[in-house]
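Chemist: Next comes the structure file work-v7.cif, holding mmCIF, C-alpha atoms.
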data_upload
loop_
_atom_site.label_atom_id
_atom_site.label_comp_id
_atom_site.auth_asym_id
_atom_site.auth_seq_id
_atom_site.Cartn_x
_atom_site.Cartn_y
_atom_site.Cartn_z
CA MET Q 1 42.14 50.56 33.49
CA LYS Q 2 43.79 50.40 36.92
CA PHE Q 3 45.46 47.00 37.16
CA CYS Q 4 47.39 44.72 34.82
CA SER Q 5 45.12 41.98 33.43
CA ASN Q 6 48.19 39.76 33.16
CA CYS Q 7 49.67 40.06 36.69
CA ALA Q 8 47.30 42.27 38.75
CA ALA Q 9 49.95 44.93 39.52
CA PRO Q 10 48.87 48.60 39.21
CA VAL Q 11 49.38 50.06 35.72
CA VAL Q 12 50.77 53.48 34.82
CA LYS Q 13 50.14 55.65 31.76
CA ARG Q 14 53.34 56.41 29.85
CA VAL Q 15 54.74 56.55 26.32
CA PRO Q 16 56.62 53.28 25.74
CA PRO Q 17 60.07 53.41 24.08
CA GLY Q 18 59.72 53.71 20.29
CA ASP Q 19 56.05 54.70 20.59
CA SER Q 20 54.48 58.16 20.34
CA LEU Q 21 51.29 57.69 22.38
CA GLU Q 22 50.62 57.10 26.06
CA ARG Q 23 49.67 53.53 26.90
CA TRP Q 24 48.71 51.69 30.07
CA ILE Q 25 51.93 49.92 31.06
CA CYS Q 26 52.67 47.34 33.74
CA ASP Q 27 56.11 47.90 35.23
CA GLU Q 28 55.83 44.61 37.08
CA CYS Q 29 55.50 42.23 34.09
CA GLY Q 30 56.24 44.63 31.22
CA GLU Q 31 52.87 44.20 29.49
CA ILE Q 32 51.67 47.14 27.38
CA HIS Q 33 47.86 47.32 27.29
CA TYR Q 34 46.85 48.81 23.94
CA GLN Q 35 43.36 50.20 23.51
CA ASN Q 36 41.92 50.44 20.00
CA PRO Q 37 38.71 51.54 18.30
CA LYS Q 38 35.80 49.14 18.02
CA LEU Q 39 33.81 48.26 14.92
CA VAL Q 40 30.04 48.64 15.10
CA VAL Q 41 28.50 46.70 12.22
CA GLY Q 42 24.94 46.56 10.95
CA CYS Q 43 22.82 46.94 7.84
CA VAL Q 44 20.00 48.85 6.14
CA PRO Q 45 17.28 46.19 5.87
CA GLU Q 46 14.86 46.95 3.04
CA ARG Q 47 11.56 45.22 2.25
CA ASP Q 48 9.19 46.36 -0.50
CA GLY Q 49 10.81 49.80 -0.48
CA LYS Q 50 10.41 50.21 3.28
CA LEU Q 51 13.27 50.34 5.79
CA LEU Q 52 13.40 48.33 8.99
CA LEU Q 53 14.26 50.19 12.18
CA CYS Q 54 14.47 49.02 15.79
CA ARG Q 55 13.42 51.06 18.83
CA ARG Q 56 16.13 50.73 21.48
CA ALA Q 57 15.36 49.10 24.82
CA ILE Q 58 18.79 50.01 26.21
CA GLU Q 59 20.93 53.03 26.86
CA PRO Q 60 22.37 55.01 25.26
CA ARG Q 61 19.36 56.48 23.46
CA TYR Q 62 16.67 54.34 25.08
CA GLY Q 63 13.41 54.63 23.10
CA TYR Q 64 15.06 56.04 19.97
CA TRP Q 65 15.06 54.34 16.57
CA THR Q 66 18.14 52.76 15.04
CA LEU Q 67 19.26 50.53 12.22
CA PRO Q 68 20.18 47.10 13.60
CA ALA Q 69 23.90 47.17 14.46
CA GLY Q 70 26.27 46.27 17.25
CA PHE Q 71 29.82 45.53 18.27
CA MET Q 72 31.61 43.08 16.01
CA GLU Q 73 32.81 39.98 17.89
CA ASN Q 74 36.13 38.17 17.68
CA ALA Q 75 36.29 35.28 15.19
CA GLU Q 76 33.60 36.61 12.88
CA THR Q 77 33.64 38.53 9.59
CA THR Q 78 32.04 41.95 9.17
CA ALA Q 79 29.27 40.34 7.08
CA GLN Q 80 28.60 37.73 9.77
CA ALA Q 81 28.50 40.48 12.39
CA ALA Q 82 25.98 42.47 10.35
CA MET Q 83 23.66 39.47 9.92
CA ARG Q 84 23.99 38.36 13.54
CA GLU Q 85 23.26 41.79 14.98
CA THR Q 86 20.34 42.25 12.62
CA PHE Q 87 18.76 38.97 13.66
CA GLU Q 88 19.41 39.58 17.38
CA GLU Q 89 17.99 43.08 17.39
CA SER Q 90 15.13 42.74 14.92
CA GLY Q 91 14.33 39.06 14.32
CA ALA Q 92 14.98 39.66 10.61
CA GLN Q 93 16.96 37.26 8.44
CA VAL Q 94 18.56 39.36 5.72
CA GLU Q 95 20.36 38.81 2.46
CA LEU Q 96 23.35 41.13 2.62
CA GLY Q 97 24.42 43.29 -0.28
CA ALA Q 98 27.57 45.40 -0.53
CA PRO Q 99 29.07 47.48 2.26
CA PHE Q 100 27.28 50.82 2.06
CA THR Q 101 28.62 53.30 4.63
CA LEU Q 102 31.86 53.36 6.64
CA ILE Q 103 31.81 56.13 9.21
CA SER Q 104 34.56 56.96 11.71
CA VAL Q 105 33.40 58.40 15.03
CA PRO Q 106 36.73 59.28 16.64
CA HIS Q 107 35.38 60.93 19.80
CA VAL Q 108 33.89 57.60 20.89
CA ASN Q 109 36.66 55.41 19.40
CA GLN Q 110 34.32 53.67 16.99
CA VAL Q 111 34.01 52.91 13.28
CA HIS Q 112 30.50 52.15 12.02
CA LEU Q 113 29.94 49.93 8.98
CA PHE Q 114 26.50 49.40 7.41
CA TYR Q 115 25.70 46.95 4.60
CA LEU Q 116 22.87 47.09 2.11
CA ALA Q 117 20.40 44.31 2.88
CA ARG Q 118 17.11 42.78 1.85
CA VAL Q 119 14.73 41.33 4.46
CA ARG Q 120 14.09 37.65 3.72
CA SER Q 121 12.00 36.82 6.76
CA LEU Q 122 10.84 38.68 9.82
CA GLU Q 123 10.09 36.83 13.06
CA THR Q 124 7.92 38.33 15.72
CA GLY Q 125 10.59 37.68 18.36
CA PHE Q 126 13.65 39.82 18.91
CA GLY Q 127 16.23 40.40 21.61
CA GLU Q 128 16.02 42.29 24.86
CA GLU Q 129 17.83 45.25 23.36
CA THR Q 130 14.76 46.16 21.28
CA LEU Q 131 11.35 47.56 22.27
CA GLU Q 132 9.76 47.47 18.83
CA VAL Q 133 10.56 46.70 15.19
CA ARG Q 134 8.85 48.53 12.36
CA LEU Q 135 9.10 48.96 8.58
CA PHE Q 136 9.00 52.61 7.57
CA ASP Q 137 8.07 54.28 4.31
CA GLU Q 138 10.37 57.16 3.46
CA ALA Q 139 7.65 59.65 4.40
CA ALA Q 140 7.14 58.03 7.81
CA LEU Q 141 10.78 57.85 8.93
CA PRO Q 142 11.10 59.18 12.51
CA TRP Q 143 13.89 61.69 11.81
CA LYS Q 144 13.57 63.40 15.18
CA GLU Q 145 13.89 60.14 17.06
CA ILE Q 146 16.88 58.57 15.30
CA ALA Q 147 19.32 57.25 17.92
CA PHE Q 148 22.70 58.00 16.32
CA ARG Q 149 24.17 60.39 13.74
CA THR Q 150 25.78 57.48 11.86
CA VAL Q 151 22.31 55.97 11.43
CA ALA Q 152 20.80 59.23 10.20
CA ALA Q 153 23.70 59.74 7.77
CA THR Q 154 23.30 56.18 6.46
CA LEU Q 155 19.55 56.61 5.97
CA ARG Q 156 20.11 59.89 4.11
CA HIS Q 157 22.65 58.25 1.78
CA TRP Q 158 20.28 55.32 1.17
CA LEU Q 159 17.36 57.55 0.22
CA ALA Q 160 19.53 59.79 -1.98
CA ASP Q 161 21.07 56.78 -3.76
CA ARG Q 162 17.68 55.16 -4.31
CA LYS Q 163 16.44 58.41 -5.83
CA ALA Q 164 19.57 58.56 -8.02
CA GLY Q 165 18.96 54.98 -9.12
CA ALA Q 166 22.30 53.53 -7.92
CA PHE Q 167 23.75 52.61 -4.53
CA ALA Q 168 27.39 53.65 -4.03
CA PHE Q 169 29.81 53.13 -1.14
CA HIS Q 170 30.16 56.13 1.19
CA ALA Q 171 33.04 56.78 3.58
CA GLU Q 172 32.98 59.72 5.96
CA ASP Q 173 33.70 60.93 9.47
CA ILE Q 174 31.43 62.24 12.16
CA THR Q 175 33.11 64.54 14.64
CA LEU Q 176 31.89 66.51 17.64
CA ARG Q 177 29.70 69.42 16.62
CA MET V 1 43.49 37.86 30.57
CA LYS V 2 43.91 36.64 34.14
CA PHE V 3 42.93 39.56 36.40
CA CYS V 4 40.32 42.30 36.40
CA SER V 5 41.81 45.55 35.11
CA ASN V 6 39.30 47.40 37.30
CA CYS V 7 39.85 45.75 40.70
CA ALA V 8 42.72 43.18 40.26
CA ALA V 9 40.59 40.17 41.30
CA PRO V 10 40.95 36.99 39.20
CA VAL V 11 38.56 36.81 36.23
CA VAL V 12 36.57 33.80 35.04
CA LYS V 13 35.28 32.94 31.56
CA ARG V 14 31.50 32.55 31.46
CA VAL V 15 28.46 33.52 29.39
CA PRO V 16 26.91 36.57 31.09
CA PRO V 17 23.10 36.71 31.55
CA GLY V 18 21.41 37.80 28.31
CA ASP V 19 24.56 37.11 26.28
CA SER V 20 25.41 34.17 24.04
CA LEU V 21 29.23 34.22 24.13
CA GLU V 22 31.76 33.53 26.86
CA ARG V 23 33.38 36.66 28.31
CA TRP V 24 36.02 37.36 30.91
CA ILE V 25 33.99 38.31 33.97
CA CYS V 26 35.02 39.70 37.36
CA ASP V 27 32.81 38.28 40.10
CA GLU V 28 34.36 40.73 42.57
CA CYS V 29 33.34 44.04 40.92
CA GLY V 30 30.97 42.72 38.20
CA GLU V 31 32.96 44.08 35.28
CA ILE V 32 32.59 42.23 31.96
CA HIS V 33 35.75 42.48 29.85
CA TYR V 34 34.73 42.39 26.20
CA GLN V 35 37.34 41.63 23.55
CA ASN V 36 36.71 42.78 20.01
CA PRO V 37 38.42 42.71 16.60
CA LYS V 38 40.99 45.35 15.73
CA LEU V 39 41.15 47.48 12.62
CA VAL V 40 44.41 47.46 10.65
CA VAL V 41 44.43 50.45 8.32
CA GLY V 42 46.78 51.40 5.52
CA CYS V 43 46.93 52.38 1.87
CA VAL V 44 48.22 51.50 -1.61
CA PRO V 45 50.67 54.36 -2.28
CA GLU V 46 51.16 54.91 -6.00
CA ARG V 47 53.74 57.12 -7.71
CA ASP V 48 54.19 57.28 -11.49
CA GLY V 49 52.48 53.92 -11.86
CA LYS V 50 54.71 52.25 -9.29
CA LEU V 51 53.59 50.94 -5.91
CA LEU V 52 55.35 51.64 -2.64
CA LEU V 53 56.08 48.69 -0.39
CA CYS V 54 57.91 48.48 2.95
CA ARG V 55 60.16 45.61 4.03
CA ARG V 56 59.27 44.67 7.60
CA ALA V 57 61.84 45.07 10.38
CA ILE V 58 59.57 43.37 12.92
CA GLU V 59 57.76 40.11 13.47
CA PRO V 60 55.51 38.71 12.28
CA ARG V 61 56.97 38.29 8.77
CA TYR V 62 60.32 40.00 9.39
CA GLY V 63 62.02 40.75 6.06
CA TYR V 64 58.84 40.40 3.98
CA TRP V 65 57.26 43.20 1.96
CA THR V 66 54.01 44.89 2.95
CA LEU V 67 51.83 47.83 2.13
CA PRO V 68 52.14 50.43 4.90
CA ALA V 69 49.42 49.69 7.48
CA GLY V 70 48.97 49.30 11.20
CA PHE V 71 46.57 49.23 14.11
CA MET V 72 44.13 52.12 14.16
CA GLU V 73 44.41 54.21 17.35
CA ASN V 74 41.69 55.60 19.55
CA ALA V 75 40.56 59.16 18.76
CA GLU V 76 41.48 59.03 15.08
CA THR V 77 39.54 58.43 11.86
CA THR V 78 40.31 55.57 9.47
CA ALA V 79 41.75 58.08 6.98
CA GLN V 80 43.98 59.63 9.65
CA ALA V 81 45.14 56.14 10.66
CA ALA V 82 46.02 55.30 7.05
CA MET V 83 48.07 58.47 6.59
CA ARG V 84 49.80 58.18 9.97
CA GLU V 85 50.80 54.56 9.48
CA THR V 86 52.00 55.27 5.95
CA PHE V 87 54.22 58.11 7.12
CA GLU V 88 55.54 56.15 10.12
CA GLU V 89 56.40 53.04 8.15
CA SER V 90 57.57 54.53 4.85
CA GLY V 91 58.31 58.24 5.28
CA ALA V 92 55.77 58.95 2.54
CA GLN V 93 53.22 61.73 2.74
CA VAL V 94 50.23 60.60 0.73
CA GLU V 95 47.06 62.08 -0.69
CA LEU V 96 44.36 59.56 0.17
CA GLY V 97 41.72 58.49 -2.30
CA ALA V 98 38.71 56.29 -1.61
CA PRO V 99 38.66 53.20 0.59
CA PHE V 100 39.72 50.36 -1.69
CA THR V 101 39.67 47.00 0.13
CA LEU V 102 37.96 45.89 3.34
CA ILE V 103 39.05 42.40 4.33
CA SER V 104 37.93 40.46 7.40
CA VAL V 105 40.49 38.07 8.86
CA PRO V 106 38.41 36.32 11.53
CA HIS V 107 41.02 33.82 12.68
CA VAL V 108 43.22 36.66 13.95
CA ASN V 109 40.32 38.93 15.01
CA GLN V 110 41.23 41.67 12.54
CA VAL V 111 39.65 43.73 9.79
CA HIS V 112 42.04 45.25 7.25
CA LEU V 113 41.16 48.45 5.39
CA PHE V 114 43.32 49.86 2.57
CA TYR V 115 42.79 53.22 0.85
CA LEU V 116 43.86 54.26 -2.60
CA ALA V 117 46.67 56.83 -2.31
CA ARG V 118 49.08 58.95 -4.26
CA VAL V 119 52.60 59.63 -2.95
CA ARG V 120 53.15 63.36 -2.56
CA SER V 121 56.60 63.27 -0.98
CA LEU V 122 58.97 60.57 0.12
CA GLU V 123 61.47 61.21 2.90
CA THR V 124 64.53 59.08 3.31
CA GLY V 125 63.71 58.49 6.98
CA PHE V 126 61.19 55.97 8.22
CA GLY V 127 60.38 54.22 11.46
CA GLU V 128 62.04 51.31 13.21
CA GLU V 129 59.40 48.91 11.91
CA THR V 130 60.84 49.12 8.37
CA LEU V 131 64.10 47.85 6.87
CA GLU V 132 63.65 49.31 3.41
CA VAL V 133 61.16 51.24 1.26
CA ARG V 134 60.95 50.75 -2.47
CA LEU V 135 58.72 51.66 -5.44
CA PHE V 136 57.89 48.63 -7.56
CA ASP V 137 56.82 48.34 -11.17
CA GLU V 138 54.11 45.74 -11.68
CA ALA V 139 56.66 43.37 -13.25
CA ALA V 140 59.02 43.71 -10.28
CA LEU V 141 56.54 43.09 -7.45
CA PRO V 142 58.01 40.56 -4.98
CA TRP V 143 55.01 38.20 -4.96
CA LYS V 144 56.83 35.42 -3.13
CA GLU V 145 57.89 37.76 -0.34
CA ILE V 146 54.61 39.52 0.42
CA ALA V 147 54.04 39.56 4.18
CA PHE V 148 50.28 39.07 4.42
CA ARG V 149 47.45 37.63 2.34
CA THR V 150 45.40 40.82 2.76
CA VAL V 151 48.27 42.76 1.16
CA ALA V 152 48.57 40.32 -1.75
CA ALA V 153 44.80 40.43 -2.31
CA THR V 154 44.82 44.22 -2.25
CA LEU V 155 47.71 44.39 -4.73
CA ARG V 156 45.92 41.96 -7.08
CA HIS V 157 42.73 44.05 -6.96
CA TRP V 158 44.73 47.22 -7.62
CA LEU V 159 46.47 45.80 -10.67
CA ALA V 160 43.25 44.29 -12.05
CA ASP V 161 41.35 47.55 -11.54
CA ARG V 162 44.10 49.60 -13.17
CA LYS V 163 44.01 47.27 -16.15
CA ALA V 164 40.21 47.58 -16.28
CA GLY V 165 40.53 51.36 -16.16
CA ALA V 166 38.48 51.93 -12.97
CA PHE V 167 39.10 51.43 -9.28
CA ALA V 168 36.17 49.90 -7.36
CA PHE V 169 35.67 49.10 -3.68
CA HIS V 170 36.28 45.44 -2.76
CA ALA V 171 35.02 43.69 0.38
CA GLU V 172 35.98 40.11 1.13
CA ASP V 173 37.07 37.67 3.81
CA ILE V 174 40.26 35.73 4.25
CA THR V 175 39.87 32.54 6.22
CA LEU V 176 42.26 29.75 7.21
CA ARG V 177 43.25 27.64 4.24
#
Turn the structure described in the file into structure tokens.
Modeler:
Amino acid sequence: MKFCSNCAAPVVKRVPPGDSLERWICDECGEIHYQNPKLVVGCVPERDGKLLLCRRAIEPRYGYWTLPAGFMENAETTAQAAMRETFEESGAQVELGAPFTLISVPHVNQVHLFYLARVRSLETGFGEETLEVRLFDEAALPWKEIAFRTVAATLRHWLADRKAGAFAFHAEDITLR
Amino acid sequence: MKFCSNCAAPVVKRVPPGDSLERWICDECGEIHYQNPKLVVGCVPERDGKLLLCRRAIEPRYGYWTLPAGFMENAETTAQAAMRETFEESGAQVELGAPFTLISVPHVNQVHLFYLARVRSLETGFGEETLEVRLFDEAALPWKEIAFRTVAATLRHWLADRKAGAFAFHAEDITLR
């Protein structure tokens, strides 16, 4: 951020009165430009015991496999975001279950939320963000080509919970190694 | 948003190529300014069966009672945000339990997350956002003066779960009446 989105004057970074963190401030119009973490929302789409993954057609992690997920938009609910992103990235219509994992990733200012989900229908078309969509048996999961640590953690929880016979809600943090 | 925070040129609202939603776009430098929901994170601080509430010293809902909660900051985890906001607004140091409620509020572009929590210590000092801090018995809860519907919903879940003898995780949406 270099300029005020309200009045176009240059902004400065300073701790506002009564605050404890540096913010981008406009001394011309007084606007304080807060920056906050973003929610990335998706799901774990299951069909006949297999899990649906998408191979990314975009950076970061071009060519790697991910669960369908993306940035939540204004004016939608987390469940709507999960279903929208899943359809956009995989062509799958899903029936959502409960929230399954909630993972903070503070070094990139993100919180990832994945729902349990069942694939109801799978179209052959999907968005430009995806190279390929595939259903994987547990034994075939491409562990070395998983795009993000939140996705790998979510897959591990899903497999462990299925083995245990009950799906629980998991909250955790992923920090820099 | 009126001007590009990157180059100070005026922005226009348009659907970018490959997108489906209108965004603020800078035709001068090409920057697309995405706007996304914010996370409001807090907790339900319990001590000896009583619940801690804060009376708001700021708008919106000046003078009404709320659970301690606030906007999550960059570079922190949801649990850190919950503890920080609780201390800032109430002076209470808490031991966090599990995430308890996750409530989408799409008409204000927010997602509210409340943790279970136990009060470990309660200082007499608290921030400028609070007029008063008080521990309430169930019978004394100020239902008609609760600041936000997400707070009322969270309190209702807490009381119902305590009565049932087990605290579960609750995800729901609050939409315009």
Chemist: Which of these, Q:Val105, Q:Cys26, Q:Arg118, Q:Leu51, has the shortest distance to chain V once you count only C-alpha atoms?
Modeler: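 Selected residue with least distance to chain V: Q:Val105.
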Chemist: Return as a tab-separated table (two decimals) with C-alpha atoms, keeping the file's coordinate frame the set of residues that the PyMOL selection byres ((chain Q and resi 115) around 12) yields on the displayed structure.
Modeler:
chain	number	residue	atom	x	y	z
Q	40	VAL	CA	30.04	48.64	15.10
Q	41	VAL	CA	28.50	46.70	12.22
Q	42	GLY	CA	24.94	46.56	10.95
Q	43	CYS	CA	22.82	46.94	7.84
Q	44	VAL	CA	20.00	48.85	6.14
Q	45	PRO	CA	17.28	46.19	5.87
Q	46	GLU	CA	14.86	46.95	3.04
Q	67	LEU	CA	19.26	50.53	12.22
Q	68	PRO	CA	20.18	47.10	13.60
Q	69	ALA	CA	23.90	47.17	14.46
Q	78	THR	CA	32.04	41.95	9.17
Q	79	ALA	CA	29.27	40.34	7.08
Q	80	GLN	CA	28.60	37.73	9.77
Q	81	ALA	CA	28.50	40.48	12.39
Q	82	ALA	CA	25.98	42.47	10.35
Q	83	MET	CA	23.66	39.47	9.92
Q	85	GLU	CA	23.26	41.79	14.98
Q	86	THR	CA	20.34	42.25	12.62
Q	94	VAL	CA	18.56	39.36	5.72
Q	95	GLU	CA	20.36	38.81	2.46
Q	96	LEU	CA	23.35	41.13	2.62
Q	97	GLY	CA	24.42	43.29	-0.28
Q	98	ALA	CA	27.57	45.40	-0.53
Q	99	PRO	CA	29.07	47.48	2.26
Q	100	PHE	CA	27.28	50.82	2.06
Q	101	THR	CA	28.62	53.30	4.63
Q	102	LEU	CA	31.86	53.36	6.64
Q	103	ILE	CA	31.81	56.13	9.21
Q	112	HIS	CA	30.50	52.15	12.02
Q	113	LEU	CA	29.94	49.93	8.98
Q	114	PHE	CA	26.50	49.40	7.41
Q	116	LEU	CA	22.87	47.09	2.11
Q	117	ALA	CA	20.40	44.31	2.88
Q	118	ARG	CA	17.11	42.78	1.85
Q	151	VAL	CA	22.31	55.97	11.43
Q	154	THR	CA	23.30	56.18	6.46
Q	155	LEU	CA	19.55	56.61	5.97
Q	158	TRP	CA	20.28	55.32	1.17
Q	167	PHE	CA	23.75	52.61	-4.53
Q	168	ALA	CA	27.39	53.65	-4.03
Q	169	PHE	CA	29.81	53.13	-1.14
Q	170	HIS	CA	30.16	56.13	1.19
V	171	ALA	CA	35.02	43.69	0.38
Chemist: I'd like the residues picked by the PyMOL selection byres ((chain Q and resi 123) around 10) written out as a list in words, using the chain letters and numbers from the file.
Modeler: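 Matching residues under the PyMOL selection byres ((chain Q and resi 123) around 10) are Phe87, Ser90, Gly91, Ala92, Gln93, Ser121, Leu122, Thr124, Gly125 and Phe126 of chain Q.
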Chemist: Residues of chain Q within 8 Å of chain V, counting all atoms listed in the file, what are they? List them as a PyMOL selection string.
Modeler: chain Q and resi 1-9+18+35-39+71-78+98-99+104-109+111+128+169+171+173
Chemist: Any chance you could export the current selection's C-alpha atoms as a PDB file, keeping the file's coordinate frame?
Modeler:
ATOM      1  CA  MET Q   1      42.140  50.560  33.490  1.00  0.00           C
ATOM      2  CA  LYS Q   2      43.790  50.400  36.920  1.00  0.00           C
ATOM      3  CA  PHE Q   3      45.460  47.000  37.160  1.00  0.00           C
ATOM      4  CA  CYS Q   4      47.390  44.720  34.820  1.00  0.00           C
ATOM      5  CA  SER Q   5      45.120  41.980  33.430  1.00  0.00           C
ATOM      6  CA  ASN Q   6      48.190  39.760  33.160  1.00  0.00           C
ATOM      7  CA  CYS Q   7      49.670  40.060  36.690  1.00  0.00           C
ATOM      8  CA  ALA Q   8      47.300  42.270  38.750  1.00  0.00           C
ATOM      9  CA  ALA Q   9      49.950  44.930  39.520  1.00  0.00           C
ATOM     10  CA  GLY Q  18      59.720  53.710  20.290  1.00  0.00           C
ATOM     11  CA  GLN Q  35      43.360  50.200  23.510  1.00  0.00           C
ATOM     12  CA  ASN Q  36      41.920  50.440  20.000  1.00  0.00           C
ATOM     13  CA  PRO Q  37      38.710  51.540  18.300  1.00  0.00           C
ATOM     14  CA  LYS Q  38      35.800  49.140  18.020  1.00  0.00           C
ATOM     15  CA  LEU Q  39      33.810  48.260  14.920  1.00  0.00           C
ATOM     16  CA  PHE Q  71      29.820  45.530  18.270  1.00  0.00           C
ATOM     17  CA  MET Q  72      31.610  43.080  16.010  1.00  0.00           C
ATOM     18  CA  GLU Q  73      32.810  39.980  17.890  1.00  0.00           C
ATOM     19  CA  ASN Q  74      36.130  38.170  17.680  1.00  0.00           C
ATOM     20  CA  ALA Q  75      36.290  35.280  15.190  1.00  0.00           C
ATOM     21  CA  GLU Q  76      33.600  36.610  12.880  1.00  0.00           C
ATOM     22  CA  THR Q  77      33.640  38.530   9.590  1.00  0.00           C
ATOM     23  CA  THR Q  78      32.040  41.950   9.170  1.00  0.00           C
ATOM     24  CA  ALA Q  98      27.570  45.400  -0.530  1.00  0.00           C
ATOM     25  CA  PRO Q  99      29.070  47.480   2.260  1.00  0.00           C
ATOM     26  CA  SER Q 104      34.560  56.960  11.710  1.00  0.00           C
ATOM     27  CA  VAL Q 105      33.400  58.400  15.030  1.00  0.00           C
ATOM     28  CA  PRO Q 106      36.730  59.280  16.640  1.00  0.00           C
ATOM     29  CA  HIS Q 107      35.380  60.930  19.800  1.00  0.00           C
ATOM     30  CA  VAL Q 108      33.890  57.600  20.890  1.00  0.00           C
ATOM     31  CA  ASN Q 109      36.660  55.410  19.400  1.00  0.00           C
ATOM     32  CA  VAL Q 111      34.010  52.910  13.280  1.00  0.00           C
ATOM     33  CA  GLU Q 128      16.020  42.290  24.860  1.00  0.00           C
ATOM     34  CA  PHE Q 169      29.810  53.130  -1.140  1.00  0.00           C
ATOM     35  CA  ALA Q 171      33.040  56.780   3.580  1.00  0.00           C
ATOM     36  CA  ASP Q 173      33.700  60.930   9.470  1.00  0.00           C
TER      37      ASP Q 173
END
Chemist: Please compute the CA of Thr130 in chain V-CA of Gly70 in chain V distance, one decimal, in Å.
Modeler: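 About the pair CA of Thr130 in chain V and CA of Gly70 in chain V: they are 12.2 Å apart.
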Chemist: So how far away is CA of Ala164 in chain Q from CA of Val119 in chain Q, in Å?
Modeler: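 Computing the Euclidean distance for CA of Val119 in chain Q and CA of Ala164 in chain Q yields 21.8 Å.
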Chemist: Looking at all atoms listed in the file, which of Q:Ala152, Q:Leu53, Q:Leu135, Q:Ile25 is the one that sits closest to Val12 in chain Q?
Modeler: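 Looking at the shortest contact to Val12 in chain Q, the residue is Q:Ile25.
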Chemist: Could you pull range 76-92 of chain Q out of the structure I just pasted and write it to a file containing N, CA and C atoms, as a PDB file, in the first residue's frame?
Modeler:
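Produced file result31.pdb, reproduced below:
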ATOM      1  N   GLU Q  76     -21.115 -13.745   1.220  1.00  0.00           N
ATOM      2  CA  GLU Q  76     -21.462 -15.166   1.230  1.00  0.00           C
ATOM      3  C   GLU Q  76     -21.144 -15.765   2.601  1.00  0.00           C
ATOM      4  N   THR Q  77     -21.713 -16.953   2.854  1.00  0.00           N
ATOM      5  CA  THR Q  77     -21.415 -17.691   4.080  1.00  0.00           C
ATOM      6  C   THR Q  77     -20.231 -18.622   3.808  1.00  0.00           C
ATOM      7  N   THR Q  78     -19.639 -19.143   4.881  1.00  0.00           N
ATOM      8  CA  THR Q  78     -18.518 -20.069   4.689  1.00  0.00           C
ATOM      9  C   THR Q  78     -18.970 -21.302   3.906  1.00  0.00           C
ATOM     10  N   ALA Q  79     -20.197 -21.773   4.172  1.00  0.00           N
ATOM     11  CA  ALA Q  79     -20.692 -22.961   3.456  1.00  0.00           C
ATOM     12  C   ALA Q  79     -20.892 -22.641   1.966  1.00  0.00           C
ATOM     13  N   GLN Q  80     -21.437 -21.474   1.674  1.00  0.00           N
ATOM     14  CA  GLN Q  80     -21.594 -21.083   0.266  1.00  0.00           C
ATOM     15  C   GLN Q  80     -20.232 -20.968  -0.420  1.00  0.00           C
ATOM     16  N   ALA Q  81     -19.260 -20.417   0.288  1.00  0.00           N
ATOM     17  CA  ALA Q  81     -17.909 -20.293  -0.283  1.00  0.00           C
ATOM     18  C   ALA Q  81     -17.328 -21.669  -0.600  1.00  0.00           C
ATOM     19  N   ALA Q  82     -17.518 -22.613   0.320  1.00  0.00           N
ATOM     20  CA  ALA Q  82     -16.969 -23.958   0.115  1.00  0.00           C
ATOM     21  C   ALA Q  82     -17.598 -24.621  -1.115  1.00  0.00           C
ATOM     22  N   MET Q  83     -18.909 -24.480  -1.262  1.00  0.00           N
ATOM     23  CA  MET Q  83     -19.586 -25.111  -2.409  1.00  0.00           C
ATOM     24  C   MET Q  83     -19.234 -24.405  -3.716  1.00  0.00           C
ATOM     25  N   ARG Q  84     -19.149 -23.083  -3.681  1.00  0.00           N
ATOM     26  CA  ARG Q  84     -18.805 -22.327  -4.888  1.00  0.00           C
ATOM     27  C   ARG Q  84     -17.395 -22.667  -5.366  1.00  0.00           C
ATOM     28  N   GLU Q  85     -16.445 -22.632  -4.446  1.00  0.00           N
ATOM     29  CA  GLU Q  85     -15.063 -22.923  -4.839  1.00  0.00           C
ATOM     30  C   GLU Q  85     -14.923 -24.360  -5.355  1.00  0.00           C
ATOM     31  N   THR Q  86     -15.650 -25.265  -4.734  1.00  0.00           N
ATOM     32  CA  THR Q  86     -15.566 -26.666  -5.147  1.00  0.00           C
ATOM     33  C   THR Q  86     -16.091 -26.830  -6.572  1.00  0.00           C
ATOM     34  N   PHE Q  87     -17.220 -26.175  -6.854  1.00  0.00           N
ATOM     35  CA  PHE Q  87     -17.775 -26.281  -8.205  1.00  0.00           C
ATOM     36  C   PHE Q  87     -16.854 -25.595  -9.226  1.00  0.00           C
ATOM     37  N   GLU Q  88     -16.342 -24.418  -8.883  1.00  0.00           N
ATOM     38  CA  GLU Q  88     -15.478 -23.680  -9.818  1.00  0.00           C
ATOM     39  C   GLU Q  88     -14.210 -24.471 -10.151  1.00  0.00           C
ATOM     40  N   GLU Q  89     -13.620 -25.071  -9.123  1.00  0.00           N
ATOM     41  CA  GLU Q  89     -12.308 -25.682  -9.326  1.00  0.00           C
ATOM     42  C   GLU Q  89     -12.378 -27.130  -9.780  1.00  0.00           C
ATOM     43  N   SER Q  90     -13.530 -27.789  -9.544  1.00  0.00           N
ATOM     44  CA  SER Q  90     -13.573 -29.224  -9.850  1.00  0.00           C
ATOM     45  C   SER Q  90     -14.766 -29.636 -10.704  1.00  0.00           C
ATOM     46  N   GLY Q  91     -15.774 -28.767 -10.851  1.00  0.00           N
ATOM     47  CA  GLY Q  91     -16.990 -29.168 -11.544  1.00  0.00           C
ATOM     48  C   GLY Q  91     -17.892 -30.053 -10.709  1.00  0.00           C
ATOM     49  N   ALA Q  92     -17.538 -30.265  -9.430  1.00  0.00           N
ATOM     50  CA  ALA Q  92     -18.343 -31.141  -8.572  1.00  0.00           C
ATOM     51  C   ALA Q  92     -19.379 -30.341  -7.802  1.00  0.00           C
TER      52      ALA Q  92
END
